[in-house]
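A short worksheet on the structure shown next.
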Amino acid sequence: MIKKQVIVIGGGASGLMCALVASLNGVKVTILEADVKVGKKILASGNGRCNFTNDNILENSYNVDISNFLKKFNSADAINFFEQLGLVSYADSEGRRYPKSNLSSSVLDVMVNALNNNYVEIITQTKANQILKGDSGYKIITNNGEYTCEKVVVCVGGNALNNMLTNVSVQPFVPSLCALKTSNKIKELSGIRVPNVKVSLELNSKTFIEFGEILFKDNGVGGICVMNLSAFMARNNLNSAKLSINLLPDLEFNCLINMLTKRKQILKNNSIKQFFVGLFHKNLGYEILNRAKVNYNISVNNLSDNQILELAKIISDFSLDVVGFYDNNQVHCGGVNLSDLTSNLESKQNKNLFVCGEANNVDGLCGGYNLQWAWTSGYIVGKSL
């Protein structure tokens with residue numbers, strides 16, 4: 001039995017923040033991490049660039065109201081905190097903030113350096129399987145023996161949290177922020193990117209809309225706007241939905257018809273297979289023609305007004321039937337409800353047991369929101385310790 005003062009379970013973003021803040025205030029902290037290294041998801045975030053917060057955090061981009069928590073530690077606080085650790089950052093046009101190096105390792109490195117300087121103990125390849133409450137603290141059963149501590153912080157989500165907490169209610173975890181699988185046979189479109197589209201998702205008589213770039217996959221579709229829409233499916237615990245992509249949202253429908261009619265005149269001597277060359281990827285053009293049931297043997301000049309109308313409908317409503325999620329999710333929906341925790345994220349039923357980061361039933365959209373929650377919750381718990 002190994003005795004510690006405070007144990008943080010999970011060396012992800014919130015766990016590292018929590019341990020660092022606590023250690024800066026003189027607390028002896030031990031981090032238990034199941035992986036060989038801490039901060040794996042930090043390294044993977046932002047396509048390796050680490051979009052670590054957003055200058056314009058929108059509270060309605062989360063599944064629950066976290067405004068009271070953001071008052072204690074917001075995006076400006078996070079930027080300043082990392083600046084004090086030596087991190088230089090910048091924001092893009094949408095407020096997404098990245099390290100100046102454009103390397104996610106820069107965020108992790110400054111944190112690990114600070115943790116080492118403050119003598120935080122990091123024990124890797126040690127997976128916590130169960131937390132048991134005792135008379136004077138907690139016992140943590142791991143694959144590498146048992147630990148006891150006065151206070152414990154849980155910072156893991158997904159399957160890692162299942163069965164770990166015996167007397168805390170945990171909402172089931174569902175993948176979120178991921179690409180979506182479709183029943184449509186669109187393998188020929190795999191790898192094609194289409195920028196500046198409008199994507200609409202119909203759920204329970206509600207329509208959710210995102211703008212951005214999409215990436216077609218083998219019988220599916222991804223991209224930040226699709227990933228954001230997947231969050232609404234996850235929050236409603238739904239695996240199927242109707243997805244509509246407007247491939248040219250800047251054109252009103254009548255303008256789209258006029259553009260296609262003008263295109264017919266310009267390309268009148270071409271084969272119909274060349275109709276979309278220069279506008280869309282040729283395979284996407286073929287898919288639009290196939291959906292409109294246009295005969296490949298005709299020339300562009302033989303396109304009828306009804307066929308142009310049908311092509312316009314498909315371009316403005318390129319529909320896909322969603323049937324599930326890809327397993328590349330960035331976060332999960334689910335975890336411990338904030339209503340079961342105090343304002344300092346301590347369990348109301350279990351004194352000295354804290355829950356933050358992925359273990360909370362808090363999830364945000366893409367753009368630095370989830371890492372901001374990790375910093376906010378980790379900071380609050382670290383100060384509480």
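Each chain in the structure tokens gets a letter, A, B, ..., in the order shown, and its residues are numbered from 1; ligands are numbered from 1 in order too.
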Per residue of stretch 118-176 of chain A within 6 Å of stretch 348-370 of chain A, what are the shortest atom pair and its distance in Å to one decimal, counting only C-alpha atoms, with rows by chain and residue number, as JSON lines?
```
{"residue": "A:Lys151", "atom": "CA", "partner": "A:Asn352", "partner_atom": "CA", "distance": 4.9}
{"residue": "A:Val152", "atom": "CA", "partner": "A:Leu353", "partner_atom": "CA", "distance": 5.1}
{"residue": "A:Val153", "atom": "CA", "partner": "A:Phe354", "partner_atom": "CA", "distance": 4.6}
{"residue": "A:Val154", "atom": "CA", "partner": "A:Val355", "partner_atom": "CA", "distance": 4.9}
{"residue": "A:Cys155", "atom": "CA", "partner": "A:Cys356", "partner_atom": "CA", "distance": 5.3}
{"residue": "A:Val156", "atom": "CA", "partner": "A:Ala359", "partner_atom": "CA", "distance": 5.1}
{"residue": "A:Gly157", "atom": "CA", "partner": "A:Ala359", "partner_atom": "CA", "distance": 4.5}
```
Write the selection just made, keeping N, CA, C and O atoms, as a short mmCIF file (atom, residue, chain, number, x, y, z; two decimals), in the first residue's frame?
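As written to disk, result00.cif reads:
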```cif
data_model
loop_
_atom_site.label_atom_id
_atom_site.label_comp_id
_atom_site.auth_asym_id
_atom_site.auth_seq_id
_atom_site.Cartn_x
_atom_site.Cartn_y
_atom_site.Cartn_z
N LYS A 151 -6.97 13.02 -0.56
CA LYS A 151 -7.86 13.61 -1.56
C LYS A 151 -7.55 13.01 -2.92
O LYS A 151 -6.39 12.72 -3.23
N VAL A 152 -8.60 12.84 -3.73
CA VAL A 152 -8.42 12.26 -5.05
C VAL A 152 -9.17 13.11 -6.08
O VAL A 152 -10.26 13.62 -5.82
N VAL A 153 -8.54 13.27 -7.24
CA VAL A 153 -9.13 14.02 -8.34
C VAL A 153 -9.26 13.09 -9.53
O VAL A 153 -8.27 12.48 -9.96
N VAL A 154 -10.46 12.98 -10.08
CA VAL A 154 -10.71 12.11 -11.23
C VAL A 154 -10.78 12.97 -12.48
O VAL A 154 -11.62 13.86 -12.59
N CYS A 155 -9.90 12.68 -13.45
CA CYS A 155 -9.82 13.49 -14.67
C CYS A 155 -9.88 12.65 -15.93
O CYS A 155 -9.39 13.08 -16.98
N VAL A 156 -10.44 11.47 -15.84
CA VAL A 156 -10.52 10.60 -17.02
C VAL A 156 -11.96 10.46 -17.46
O VAL A 156 -12.89 10.56 -16.66
N GLY A 157 -12.15 10.23 -18.76
CA GLY A 157 -13.50 10.06 -19.29
C GLY A 157 -13.62 8.78 -20.09
O GLY A 157 -12.69 7.96 -20.14
#
```
Calculated over only C-alpha atoms, which of the candidates A:Asn254, A:Asn80, A:Asn102, A:Thr148 has the smallest distance to A:Val6? A:Thr148
A:Leu115 surroundings by only C-alpha atoms, 12 Å radius, close-in-sequence under 6 positions cut, as number ranges by chain: A: 11, 15-24, 27-31, 38, 85, 108-109, 121-122
How about saving the chosen residues, N, CA, C and O atoms kept, as a PDB file, in the first residue's frame?
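Output below, filename out08.pdb:
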```pdb
ATOM      1  N   GLY A  11      -3.448  11.946 -16.609  1.00  0.00           N
ATOM      2  CA  GLY A  11      -2.475  12.969 -16.957  1.00  0.00           C
ATOM      3  C   GLY A  11      -2.806  13.668 -18.261  1.00  0.00           C
ATOM      4  O   GLY A  11      -1.918  13.934 -19.078  1.00  0.00           O
ATOM      5  N   GLY A  15      -5.964  17.175 -15.771  1.00  0.00           N
ATOM      6  CA  GLY A  15      -5.164  16.603 -14.701  1.00  0.00           C
ATOM      7  C   GLY A  15      -3.846  17.325 -14.513  1.00  0.00           C
ATOM      8  O   GLY A  15      -3.422  17.596 -13.382  1.00  0.00           O
ATOM      9  N   LEU A  16      -3.197  17.666 -15.617  1.00  0.00           N
ATOM     10  CA  LEU A  16      -1.933  18.396 -15.533  1.00  0.00           C
ATOM     11  C   LEU A  16      -2.146  19.794 -14.978  1.00  0.00           C
ATOM     12  O   LEU A  16      -1.360  20.270 -14.151  1.00  0.00           O
ATOM     13  N   MET A  17      -3.209  20.468 -15.427  1.00  0.00           N
ATOM     14  CA  MET A  17      -3.512  21.805 -14.912  1.00  0.00           C
ATOM     15  C   MET A  17      -3.799  21.752 -13.411  1.00  0.00           C
ATOM     16  O   MET A  17      -3.282  22.562 -12.630  1.00  0.00           O
ATOM     17  N   CYS A  18      -4.620  20.800 -13.010  1.00  0.00           N
ATOM     18  CA  CYS A  18      -4.974  20.650 -11.603  1.00  0.00           C
ATOM     19  C   CYS A  18      -3.732  20.421 -10.744  1.00  0.00           C
ATOM     20  O   CYS A  18      -3.532  21.088  -9.724  1.00  0.00           O
ATOM     21  N   ALA A  19      -2.888  19.482 -11.165  1.00  0.00           N
ATOM     22  CA  ALA A  19      -1.683  19.163 -10.398  1.00  0.00           C
ATOM     23  C   ALA A  19      -0.732  20.347 -10.330  1.00  0.00           C
ATOM     24  O   ALA A  19      -0.134  20.630  -9.287  1.00  0.00           O
ATOM     25  N   LEU A  20      -0.615  21.067 -11.450  1.00  0.00           N
ATOM     26  CA  LEU A  20       0.299  22.202 -11.489  1.00  0.00           C
ATOM     27  C   LEU A  20      -0.172  23.322 -10.572  1.00  0.00           C
ATOM     28  O   LEU A  20       0.604  23.870  -9.789  1.00  0.00           O
ATOM     29  N   VAL A  21      -1.454  23.669 -10.640  1.00  0.00           N
ATOM     30  CA  VAL A  21      -1.996  24.740  -9.796  1.00  0.00           C
ATOM     31  C   VAL A  21      -1.887  24.370  -8.323  1.00  0.00           C
ATOM     32  O   VAL A  21      -1.517  25.204  -7.483  1.00  0.00           O
ATOM     33  N   ALA A  22      -2.200  23.128  -7.993  1.00  0.00           N
ATOM     34  CA  ALA A  22      -2.102  22.689  -6.596  1.00  0.00           C
ATOM     35  C   ALA A  22      -0.655  22.756  -6.107  1.00  0.00           C
ATOM     36  O   ALA A  22      -0.378  23.216  -4.995  1.00  0.00           O
ATOM     37  N   SER A  23       0.281  22.314  -6.957  1.00  0.00           N
ATOM     38  CA  SER A  23       1.690  22.304  -6.554  1.00  0.00           C
ATOM     39  C   SER A  23       2.227  23.722  -6.389  1.00  0.00           C
ATOM     40  O   SER A  23       3.085  23.968  -5.534  1.00  0.00           O
ATOM     41  N   LEU A  24       1.733  24.648  -7.204  1.00  0.00           N
ATOM     42  CA  LEU A  24       2.153  26.051  -7.072  1.00  0.00           C
ATOM     43  C   LEU A  24       1.720  26.627  -5.732  1.00  0.00           C
ATOM     44  O   LEU A  24       2.270  27.644  -5.281  1.00  0.00           O
ATOM     45  N   VAL A  27       0.985  22.090  -2.479  1.00  0.00           N
ATOM     46  CA  VAL A  27       0.401  20.768  -2.266  1.00  0.00           C
ATOM     47  C   VAL A  27       1.272  19.711  -2.944  1.00  0.00           C
ATOM     48  O   VAL A  27       1.738  19.895  -4.064  1.00  0.00           O
ATOM     49  N   LYS A  28       1.479  18.593  -2.238  1.00  0.00           N
ATOM     50  CA  LYS A  28       2.224  17.476  -2.815  1.00  0.00           C
ATOM     51  C   LYS A  28       1.263  16.605  -3.625  1.00  0.00           C
ATOM     52  O   LYS A  28       0.332  16.036  -3.075  1.00  0.00           O
ATOM     53  N   VAL A  29       1.505  16.524  -4.934  1.00  0.00           N
ATOM     54  CA  VAL A  29       0.569  15.872  -5.843  1.00  0.00           C
ATOM     55  C   VAL A  29       1.254  14.728  -6.593  1.00  0.00           C
ATOM     56  O   VAL A  29       2.405  14.847  -7.015  1.00  0.00           O
ATOM     57  N   THR A  30       0.515  13.647  -6.745  1.00  0.00           N
ATOM     58  CA  THR A  30       0.960  12.517  -7.564  1.00  0.00           C
ATOM     59  C   THR A  30      -0.050  12.303  -8.682  1.00  0.00           C
ATOM     60  O   THR A  30      -1.255  12.231  -8.423  1.00  0.00           O
ATOM     61  N   ILE A  31       0.444  12.211  -9.920  1.00  0.00           N
ATOM     62  CA  ILE A  31      -0.408  11.924 -11.071  1.00  0.00           C
ATOM     63  C   ILE A  31      -0.262  10.461 -11.454  1.00  0.00           C
ATOM     64  O   ILE A  31       0.866   9.961 -11.604  1.00  0.00           O
ATOM     65  N   VAL A  38       2.263  11.362 -20.357  1.00  0.00           N
ATOM     66  CA  VAL A  38       1.118  12.236 -20.094  1.00  0.00           C
ATOM     67  C   VAL A  38       0.856  13.116 -21.315  1.00  0.00           C
ATOM     68  O   VAL A  38       1.717  13.290 -22.178  1.00  0.00           O
ATOM     69  N   LEU A  85       4.132  30.616 -18.133  1.00  0.00           N
ATOM     70  CA  LEU A  85       4.941  29.396 -18.238  1.00  0.00           C
ATOM     71  C   LEU A  85       5.947  29.488 -19.387  1.00  0.00           C
ATOM     72  O   LEU A  85       6.786  28.594 -19.548  1.00  0.00           O
ATOM     73  N   LEU A 108       2.431  21.210 -24.109  1.00  0.00           N
ATOM     74  CA  LEU A 108       2.742  20.143 -23.155  1.00  0.00           C
ATOM     75  C   LEU A 108       4.098  20.358 -22.500  1.00  0.00           C
ATOM     76  O   LEU A 108       4.255  20.153 -21.279  1.00  0.00           O
ATOM     77  N   ASP A 109       5.074  20.791 -23.285  1.00  0.00           N
ATOM     78  CA  ASP A 109       6.430  20.952 -22.746  1.00  0.00           C
ATOM     79  C   ASP A 109       6.488  21.985 -21.629  1.00  0.00           C
ATOM     80  O   ASP A 109       7.144  21.760 -20.602  1.00  0.00           O
ATOM     81  N   GLU A 121       4.915  14.471  -8.775  1.00  0.00           N
ATOM     82  CA  GLU A 121       5.289  13.092  -9.113  1.00  0.00           C
ATOM     83  C   GLU A 121       4.362  12.568 -10.213  1.00  0.00           C
ATOM     84  O   GLU A 121       3.140  12.642 -10.094  1.00  0.00           O
ATOM     85  N   ILE A 122       4.937  12.058 -11.278  1.00  0.00           N
ATOM     86  CA  ILE A 122       4.159  11.497 -12.379  1.00  0.00           C
ATOM     87  C   ILE A 122       4.484  10.019 -12.512  1.00  0.00           C
ATOM     88  O   ILE A 122       5.636   9.649 -12.754  1.00  0.00           O
TER      89      ILE A 122
END
```
Tell me, which residues of stretch 29-228 of chain A carry DSSP strand (DSSP E or B), written as a VMD selection string? chain A and resid 29 to 32 53 to 54 62 89 to 91 96 to 99 121 to 123 128 to 133 138 to 142 145 to 154 165 171 to 176 180 to 182 193 to 203 206 to 217 220 to 222
For the atom pair atom CA of A:Arg49 and atom CA of A:Ser101, what is the interatomic distance in Å to one decimal place?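 Taking atom CA of A:Arg49 and atom CA of A:Ser101, their separation equals 8.2 Å.
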So that each row is one residue of stretch 271-382 of chain A with an atom at most 7 Å from stretch 169-184 of chain A, can you give its shortest atom pair and the distance in Å to one decimal, using only C-alpha atoms, rows by chain and rising number, as JSON lines?
```
{"residue": "A:Leu320", "atom": "CA", "partner": "A:Thr182", "partner_atom": "CA", "distance": 6.3}
{"residue": "A:Asp321", "atom": "CA", "partner": "A:Thr182", "partner_atom": "CA", "distance": 5.2}
{"residue": "A:Val322", "atom": "CA", "partner": "A:Thr182", "partner_atom": "CA", "distance": 4.3}
{"residue": "A:Val323", "atom": "CA", "partner": "A:Thr182", "partner_atom": "CA", "distance": 5.2}
{"residue": "A:Gly324", "atom": "CA", "partner": "A:Lys181", "partner_atom": "CA", "distance": 5.1}
{"residue": "A:Phe325", "atom": "CA", "partner": "A:Leu180", "partner_atom": "CA", "distance": 4.7}
{"residue": "A:Tyr326", "atom": "CA", "partner": "A:Ala179", "partner_atom": "CA", "distance": 5.4}
{"residue": "A:Asn328", "atom": "CA", "partner": "A:Cys178", "partner_atom": "CA", "distance": 5.7}
{"residue": "A:Asn329", "atom": "CA", "partner": "A:Cys178", "partner_atom": "CA", "distance": 4.3}
{"residue": "A:Gln330", "atom": "CA", "partner": "A:Leu177", "partner_atom": "CA", "distance": 5.5}
{"residue": "A:Val331", "atom": "CA", "partner": "A:Ser176", "partner_atom": "CA", "distance": 5.4}
{"residue": "A:His332", "atom": "CA", "partner": "A:Pro175", "partner_atom": "CA", "distance": 4.6}
{"residue": "A:Cys333", "atom": "CA", "partner": "A:Val174", "partner_atom": "CA", "distance": 5.1}
{"residue": "A:Gly334", "atom": "CA", "partner": "A:Phe173", "partner_atom": "CA", "distance": 4.4}
{"residue": "A:Gly335", "atom": "CA", "partner": "A:Gln171", "partner_atom": "CA", "distance": 4.9}
{"residue": "A:Val336", "atom": "CA", "partner": "A:Val170", "partner_atom": "CA", "distance": 4.8}
```
When you look at stretch 60-76 of chain A with a cut-off of 12 Å (counting only C-alpha atoms), what residues show up, excluding the ones that are within fewer than 6 positions of it in the same chain? I need them as a ChimeraX atom specification. /A:17,51-54,82-83,89,91,95-97,176,228-229,231-236,332-334,337-339,342-345,356,360-384
Would you kindly return, as a list in words, each protein, DNA or RNA residue with an atom no farther than 6 Å from any atom of A:Ala34, considering only C-alpha atoms and excluding same-chain residues fewer than 6 positions away? Thr124, Gln125, Thr126 and Lys127 of chain A
Those of stretch 77-205 of chain A in DSSP alpha helix (DSSP H), formatted as a list in words: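 The alpha helix (DSSP H) residues within stretch 77-205 of chain A come out as Asp77, Ala78, Ile79, Asn80, Phe81, Phe82, Glu83, Gln84, Ser104, Ser105, Ser106, Val107, Leu108, Asp109, Val110, Met111, Val112, Asn113, Ala114, Leu115, Asn116 and Asn117 of chain A.
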